[in-house]
file work_34.cif (mmCIF, C-alpha atoms and all ligand atoms)
data_upload
#
loop_
_atom_site.label_atom_id
_atom_site.label_comp_id
_atom_site.auth_asym_id
_atom_site.auth_seq_id
_atom_site.Cartn_x
_atom_site.Cartn_y
_atom_site.Cartn_z
CA MET A 26 13.58 -41.59 -15.02
CA ASN A 27 16.22 -42.17 -12.37
CA LEU A 28 16.76 -40.25 -9.18
CA GLN A 29 19.54 -37.98 -10.45
CA SER A 30 17.64 -36.76 -13.49
CA THR A 31 14.57 -35.57 -11.54
CA PRO A 32 15.10 -31.80 -11.42
CA ARG A 33 14.49 -30.42 -7.93
CA TYR A 34 14.45 -27.18 -6.05
CA ASP A 35 17.54 -26.84 -3.83
CA ALA A 36 17.21 -28.08 -0.23
CA LEU A 37 16.91 -24.58 1.28
CA SER A 38 14.07 -23.60 -1.11
CA ARG A 39 12.26 -26.84 -0.23
CA ALA A 40 12.71 -26.25 3.52
CA PHE A 41 11.41 -22.67 3.18
CA HIS A 42 8.44 -23.89 1.12
CA TRP A 43 7.22 -26.57 3.53
CA LEU A 44 7.88 -24.54 6.69
CA THR A 45 5.85 -21.70 5.15
CA ALA A 46 3.03 -24.04 4.12
CA ILE A 47 2.79 -25.49 7.67
CA ALA A 48 3.03 -22.09 9.42
CA VAL A 49 0.42 -20.50 7.10
CA THR A 50 -2.01 -23.38 7.61
CA ILE A 51 -1.74 -23.24 11.43
CA ALA A 52 -1.96 -19.41 11.42
CA PHE A 53 -5.11 -19.65 9.28
CA VAL A 54 -6.74 -22.15 11.65
CA LEU A 55 -5.94 -19.85 14.60
CA GLY A 56 -7.18 -16.67 12.81
CA PRO A 57 -8.83 -14.71 15.65
CA GLU A 58 -12.57 -14.24 15.14
CA HIS A 59 -14.36 -11.10 16.45
CA PHE A 60 -11.00 -9.53 17.31
CA GLY A 61 -12.30 -5.94 17.17
CA ARG A 62 -15.23 -6.72 19.49
CA LEU A 63 -12.98 -8.52 22.00
CA MET A 64 -10.59 -5.58 22.04
CA HIS A 65 -13.44 -3.14 22.66
CA GLN A 66 -14.53 -5.34 25.57
CA GLY A 67 -11.08 -4.72 27.07
CA LEU A 68 -9.42 -8.07 26.30
CA ASP A 69 -5.63 -8.10 26.57
CA PRO A 70 -4.62 -10.19 23.50
CA ALA A 71 -1.49 -11.38 25.34
CA THR A 72 -3.79 -13.52 27.52
CA ARG A 73 -5.12 -15.46 24.49
CA SER A 74 -2.71 -18.12 23.28
CA ASP A 75 -4.51 -18.48 19.91
CA ILE A 76 -3.94 -14.77 19.16
CA VAL A 77 -0.31 -14.87 20.37
CA TRP A 78 0.43 -17.97 18.26
CA HIS A 79 -1.43 -16.53 15.23
CA GLU A 80 0.56 -13.31 15.31
CA SER A 81 3.88 -15.08 16.03
CA LEU A 82 3.42 -17.56 13.18
CA GLY A 83 2.37 -14.72 10.88
CA ILE A 84 5.47 -12.67 11.72
CA PHE A 85 7.58 -15.84 11.27
CA VAL A 86 6.05 -16.28 7.78
CA PHE A 87 6.82 -12.62 7.01
CA ALA A 88 10.48 -12.94 8.07
CA MET A 89 10.81 -16.23 6.20
CA THR A 90 9.29 -14.75 3.03
CA LEU A 91 11.80 -11.87 3.05
CA LEU A 92 14.70 -14.33 3.52
CA ARG A 93 13.22 -16.59 0.86
CA LEU A 94 12.99 -13.78 -1.68
CA LEU A 95 16.63 -12.94 -0.99
CA TRP A 96 17.47 -16.62 -1.56
CA VAL A 97 15.45 -16.69 -4.82
CA ALA A 98 17.74 -13.93 -6.11
CA LEU A 99 20.91 -15.82 -5.08
CA ARG A 100 20.05 -19.52 -5.45
CA PRO A 101 20.78 -21.90 -8.33
CA ALA A 102 18.11 -21.57 -11.03
CA ALA A 103 14.74 -23.19 -10.17
CA PRO A 104 14.11 -26.42 -12.11
CA GLN A 105 12.79 -25.84 -15.62
CA LEU A 106 10.17 -28.46 -16.38
CA GLU A 107 8.65 -28.79 -19.83
CA SER A 108 5.03 -27.61 -19.64
CA ALA A 109 2.47 -26.45 -22.21
CA GLY A 110 2.68 -22.64 -22.66
CA TRP A 111 -0.56 -21.88 -20.83
CA LEU A 112 0.35 -24.18 -17.92
CA ALA A 113 3.71 -22.48 -17.49
CA LEU A 114 1.97 -19.08 -17.55
CA ALA A 115 -0.71 -20.19 -15.05
CA SER A 116 2.00 -21.50 -12.71
CA LYS A 117 3.96 -18.22 -12.96
CA LEU A 118 0.82 -16.18 -12.19
CA MET A 119 -0.03 -18.47 -9.26
CA HIS A 120 3.46 -18.10 -7.77
CA LEU A 121 3.26 -14.33 -8.21
CA ALA A 122 -0.10 -14.20 -6.39
CA LEU A 123 1.19 -16.44 -3.57
CA TRP A 124 4.34 -14.34 -3.09
CA ALA A 125 2.27 -11.12 -3.09
CA LEU A 126 -0.15 -12.55 -0.49
CA LEU A 127 2.67 -13.82 1.73
CA LEU A 128 3.83 -10.18 1.95
CA ALA A 129 0.39 -8.50 1.96
CA LEU A 130 -0.98 -10.58 4.86
CA PRO A 131 1.51 -9.50 7.53
CA ALA A 132 1.54 -5.95 6.10
CA SER A 133 -2.27 -5.67 6.37
CA ALA A 134 -2.17 -7.18 9.90
CA LEU A 135 0.36 -4.57 11.06
CA LEU A 136 -1.75 -1.83 9.43
CA ALA A 137 -4.82 -3.19 11.26
CA LEU A 138 -3.12 -3.24 14.67
CA GLY A 139 -1.27 0.07 14.20
CA SER A 140 -4.25 2.03 12.88
CA GLU A 141 -6.62 0.76 15.60
CA GLY A 142 -4.02 1.23 18.38
CA HIS A 143 -4.12 -2.48 19.32
CA PRO A 144 -0.94 -4.14 20.62
CA LEU A 145 1.11 -6.71 18.70
CA THR A 146 1.57 -9.62 21.12
CA LEU A 147 4.08 -12.38 20.35
CA LEU A 148 5.47 -15.50 22.02
CA GLY A 149 8.09 -14.92 24.72
CA GLY A 150 6.19 -11.92 26.08
CA VAL A 151 7.24 -9.70 23.16
CA ARG A 152 4.78 -6.81 22.94
CA VAL A 153 4.52 -3.64 20.87
CA ASP A 154 1.79 -1.43 22.31
CA GLN A 155 1.80 1.43 19.83
CA MET A 156 2.92 1.75 16.22
CA PRO A 157 2.92 5.54 15.74
CA LEU A 158 4.60 5.30 12.34
CA ILE A 159 1.58 3.33 11.07
CA ALA A 160 -1.08 5.17 13.12
CA ASN A 161 0.07 8.55 11.74
CA SER A 162 0.58 7.37 8.17
CA VAL A 163 -1.75 8.16 5.26
CA PHE A 164 -2.54 4.45 4.98
CA ALA A 165 -4.10 4.15 8.45
CA LYS A 166 -7.53 5.49 7.45
CA LEU A 167 -7.62 4.14 3.90
CA ALA A 168 -9.49 0.93 4.79
CA ASP A 169 -10.68 -1.30 7.59
CA TRP A 170 -7.40 -3.21 7.54
CA GLY A 171 -8.72 -5.95 9.86
CA ASP A 172 -11.38 -6.82 7.24
CA VAL A 173 -8.83 -6.59 4.42
CA HIS A 174 -6.49 -8.90 6.34
CA GLY A 175 -9.18 -11.53 7.02
CA LEU A 176 -10.22 -11.46 3.35
CA LEU A 177 -6.62 -11.82 2.13
CA GLY A 178 -6.16 -14.75 4.54
CA ASP A 179 -9.14 -16.53 2.95
CA VAL A 180 -7.83 -15.79 -0.57
CA LEU A 181 -4.37 -17.14 0.32
CA ILE A 182 -5.79 -20.40 1.63
CA TRP A 183 -8.02 -20.88 -1.44
CA LEU A 184 -5.16 -20.16 -3.85
CA ALA A 185 -2.73 -22.37 -1.90
CA GLY A 186 -5.34 -25.15 -2.02
CA LEU A 187 -5.72 -24.73 -5.79
CA HIS A 188 -1.93 -24.69 -6.14
CA ALA A 189 -1.68 -27.96 -4.13
CA VAL A 190 -4.44 -29.59 -6.25
CA ALA A 191 -2.55 -28.51 -9.41
CA ALA A 192 0.67 -30.08 -8.04
CA ILE A 193 -1.16 -33.35 -7.33
CA TYR A 194 -2.83 -33.24 -10.78
CA HIS A 195 0.64 -32.88 -12.36
CA HIS A 196 1.86 -35.90 -10.43
CA VAL A 197 -1.11 -38.21 -10.95
CA PHE A 198 -2.30 -37.32 -14.48
CA LEU A 199 0.53 -35.54 -16.30
CA LYS A 200 3.10 -37.76 -14.57
CA ASP A 201 5.77 -35.06 -14.81
CA GLY A 202 8.24 -34.10 -12.07
CA VAL A 203 6.50 -30.94 -10.78
CA LEU A 204 5.48 -32.30 -7.38
CA LEU A 205 8.74 -34.26 -6.98
CA SER A 206 10.70 -31.05 -7.63
CA MET A 207 9.52 -29.79 -4.21
CA LEU A 208 10.03 -33.12 -2.35
CA PRO A 209 13.18 -34.68 -0.80
CA GLU A 210 15.49 -36.85 -2.97
CA LYS A 211 14.10 -40.07 -1.48
CA PHE A 212 10.88 -39.52 -3.45
CA SER A 213 11.32 -40.56 -7.05
CA ARG A 214 9.32 -41.86 -9.97
C1 LIG A 301 0.41 -16.38 7.50
C2 LIG A 301 -0.15 -15.29 7.59
C3 LIG A 301 -1.55 -15.04 8.12
C4 LIG A 301 -2.75 -15.64 7.81
C5 LIG A 301 -3.02 -16.79 6.83
C6 LIG A 301 -3.76 -14.96 8.57
C7 LIG A 301 -5.13 -15.22 8.52
C8 LIG A 301 -6.09 -14.54 9.20
C9 LIG A 301 -7.52 -14.73 9.05
C10 LIG A 301 -8.19 -15.70 8.07
C11 LIG A 301 -8.15 -13.87 9.92
C12 LIG A 301 -9.67 -13.68 10.10
C13 LIG A 301 -10.19 -14.62 11.16
C14 LIG A 301 -11.71 -14.58 11.28
O1 LIG A 301 -12.29 -13.48 11.26
O2 LIG A 301 -12.28 -15.67 11.39
C15 LIG A 301 -7.12 -13.14 10.61
C16 LIG A 301 -7.35 -12.18 11.58
C17 LIG A 301 -6.35 -11.51 12.26
N1 LIG A 301 -4.98 -11.68 12.12
FE1 LIG A 301 -4.06 -12.83 10.75
N2 LIG A 301 -3.15 -13.99 9.36
C18 LIG A 301 -1.80 -14.02 9.10
C19 LIG A 301 -0.82 -13.21 9.67
C20 LIG A 301 -1.03 -12.34 10.72
C21 LIG A 301 -0.01 -11.52 11.38
C22 LIG A 301 1.47 -11.45 10.98
C23 LIG A 301 -0.62 -10.83 12.36
C24 LIG A 301 -0.04 -9.82 13.35
C25 LIG A 301 0.96 -9.04 13.09
C26 LIG A 301 -2.03 -11.16 12.33
C27 LIG A 301 -2.99 -10.62 13.15
C28 LIG A 301 -4.36 -10.79 12.99
C29 LIG A 301 -5.34 -10.03 13.71
C30 LIG A 301 -5.08 -8.94 14.75
C31 LIG A 301 -6.60 -10.47 13.24
C32 LIG A 301 -7.98 -9.91 13.62
C33 LIG A 301 -8.28 -8.81 12.61
C34 LIG A 301 -9.57 -8.07 12.87
O3 LIG A 301 -10.63 -8.72 12.80
O4 LIG A 301 -9.50 -6.85 13.13
N3 LIG A 301 -2.24 -12.08 11.32
N4 LIG A 301 -5.87 -13.56 10.17
C1 LIG A 302 0.02 -22.27 2.27
C2 LIG A 302 0.49 -23.22 1.48
C3 LIG A 302 1.45 -22.98 0.33
C4 LIG A 302 2.06 -21.84 -0.13
C5 LIG A 302 1.94 -20.42 0.43
C6 LIG A 302 2.88 -22.22 -1.29
C7 LIG A 302 3.65 -21.33 -2.03
C8 LIG A 302 4.53 -21.69 -3.04
C9 LIG A 302 5.48 -20.81 -3.68
C10 LIG A 302 5.65 -19.31 -3.36
C11 LIG A 302 6.19 -21.55 -4.59
C12 LIG A 302 7.39 -21.07 -5.43
C13 LIG A 302 8.61 -21.56 -4.66
C14 LIG A 302 9.98 -21.10 -5.08
O1 LIG A 302 10.16 -20.53 -6.16
O2 LIG A 302 10.93 -21.33 -4.26
C15 LIG A 302 5.69 -22.90 -4.53
C16 LIG A 302 6.12 -23.96 -5.29
C17 LIG A 302 5.59 -25.23 -5.24
N1 LIG A 302 4.60 -25.69 -4.38
FE1 LIG A 302 3.68 -24.64 -2.96
N2 LIG A 302 2.74 -23.57 -1.51
C18 LIG A 302 1.88 -24.07 -0.54
C19 LIG A 302 1.47 -25.39 -0.39
C20 LIG A 302 1.80 -26.41 -1.25
C21 LIG A 302 1.29 -27.77 -1.17
C22 LIG A 302 0.31 -28.29 -0.09
C23 LIG A 302 1.85 -28.47 -2.22
C24 LIG A 302 1.69 -29.90 -2.65
C25 LIG A 302 0.68 -30.68 -2.43
C26 LIG A 302 2.70 -27.55 -2.94
C27 LIG A 302 3.46 -27.87 -4.05
C28 LIG A 302 4.36 -27.04 -4.67
C29 LIG A 302 5.23 -27.46 -5.76
C30 LIG A 302 5.27 -28.86 -6.37
C31 LIG A 302 5.99 -26.33 -6.11
C32 LIG A 302 7.06 -26.25 -7.22
C33 LIG A 302 6.54 -26.46 -8.54
C34 LIG A 302 5.75 -25.34 -9.11
O3 LIG A 302 4.63 -25.03 -8.64
O4 LIG A 302 6.23 -24.79 -10.11
N3 LIG A 302 2.64 -26.31 -2.33
N4 LIG A 302 4.67 -22.96 -3.57
#
call {"tool": "encode", "arguments": {"input": "work_34.cif", "output": "structure tokens"}}
result
Amino acid sequence: MNLQSTPRYDALSRAFHWLTAIAVTIAFVLGPEHFGRLMHQGLDPATRSDIVWHESLGIFVFAMTLLRLLWVALRPAAPQLESAGWLALASKLMHLALWALLLALPASALLALGSEGHPLTLLGGVRVDQMPLIANSVFAKLADWGDVHGLLGDVLIWLAGLHAVAAIYHHVFLKDGVLLSMLPEKFSR
């Protein structure tokens, strides 16, 4: 198959995808351990660059996901590759789960900080000390949102890993254009 006939996602969708993948991976690596204990010991999270970077990357992913979803509604149709029925369904379900987690992670993090009264501390000295809207909401006491957030972070990384393995399997064994559809034009079969 020549270069032109390899169906691809548009350039903006590809940029969003790889920026998100990089930001999520770094945020995961920086996921602050024992955050609750450190806060009870009086730590100011603004003094810890891993926490500041984790939260900033996470908020960046949140903003990017909202913009991305807007773009999904407006963009040219995503490439339609011929796949067996069950594979197409599995891929749809995987995308749905990844989109849901990309929204649920920042949401659960904000619920965790707001309900515990911990500050949100971002790069550039940006700081939100209190989130009364969250603290006073019915959601605040529904769960230990810090635990929920950590668990969702693990689930996202496992699913993203499975999704990456599936993309490589498509490329190496099924030899279809699924992986190429998310890569720049210079990659071709
Ligand atoms: C890309 C999105 C994100 C991923 C993959 C992610 C992942 C994680 C993981 C795995 C942990 C648990 C770390 C551990 O216990 O070893 C964690 C903790 C934490 N994250 Fe995130 N996170 C994301 C976004 C955010 C955002 C947007 C914020 C802030 C608004 C945030 C704030 C926190 C806080 C405060 C904790 C400690 C929670 C606690 O134990 O009470 N995260 N994150
Ligand atoms: C945290 C990491 C990742 C996340 C959250 C993620 C999420 C997503 C999402 C939401 C889509 C749908 C995109 C759209 O409709 O615009 C997608 C598509 C895609 N992703 Fe990822 N991805 C990640 C990592 C990877 C990696 C490492 C690879 C390759 C090794 C990969 C390969 C692909 C491919 C080939 C597609 C398009 C084809 C398809 O699955 O139907 N992704 N990804």
call {"tool": "residues_around", "arguments": {"input": "work_34.cif", "residues": "Gly202 in chain A", "least_positions_apart": "6", "cutoff": "10 Å", "atoms": "all atoms listed in the file", "output": "VMD selection string"}}
result
chain A and resid 26 30 to 33 104 106 to 107 192 195 to 196 208 213 to 214
call {"tool": "residues_near_ligand", "arguments": {"input": "work_34.cif", "ligand": "ligand LIG 301 (chain A)", "cutoff": "8 Å", "atoms": "all atoms listed in the file", "output": "PyMOL selection string"}}
result
chain A and resi 45+48-50+52-61+76+79-87+127+130-132+134-135+137-138+143+145-146+169-172+174-179+181-182
call {"tool": "residues_near_ligand", "arguments": {"input": "work_34.cif", "ligand": "ligand LIG 302 (chain A)", "cutoff": "9 Å", "atoms": "only C-alpha atoms and all ligand atoms", "output": "ChimeraX atom specification"}}
result
/A:33-35,37-39,41-43,45-50,90,93-94,96-97,103-106,113,116-117,119-127,181-193,195-196,202-208
call {"tool": "atom_distance", "arguments": {"input": "work_34.cif", "atom1": "CA of Pro157 in chain A", "atom2": "CA of Asp69 in chain A"}}
result
19.4 Å
call {"tool": "closest_residue", "arguments": {"input": "work_34.cif", "among": "A:Ala88, A:Ala129, A:Ala71, A:Leu167", "to": "Asp154 in chain A", "atoms": "all atoms listed in the file"}}
result
A:Ala71
call {"tool": "atom_distance", "arguments": {"input": "work_34.cif", "atom1": "CA of Gly139 in chain A", "atom2": "CA of Asn161 in chain A"}}
result
8.9 Å
call {"tool": "atom_distance", "arguments": {"input": "work_34.cif", "atom1": "CA of Ala165 in chain A", "atom2": "CA of Trp78 in chain A"}}
result
24.6 Å
call {"tool": "closest_residue", "arguments": {"input": "work_34.cif", "among": "A:Leu95, A:Val197, A:Ala102, A:Met89", "to": "Ala40 in chain A", "atoms": "only C-alpha atoms"}}
result
A:Met89
call {"tool": "residues_around", "arguments": {"input": "work_34.cif", "residues": "Val163 in chain A", "least_positions_apart": "5", "cutoff": "12 Å", "atoms": "only C-alpha atoms", "output": "list of chain:residue names"}}
result
A:Leu136, A:Ser140, A:Pro157, A:Leu158, A:Ala168
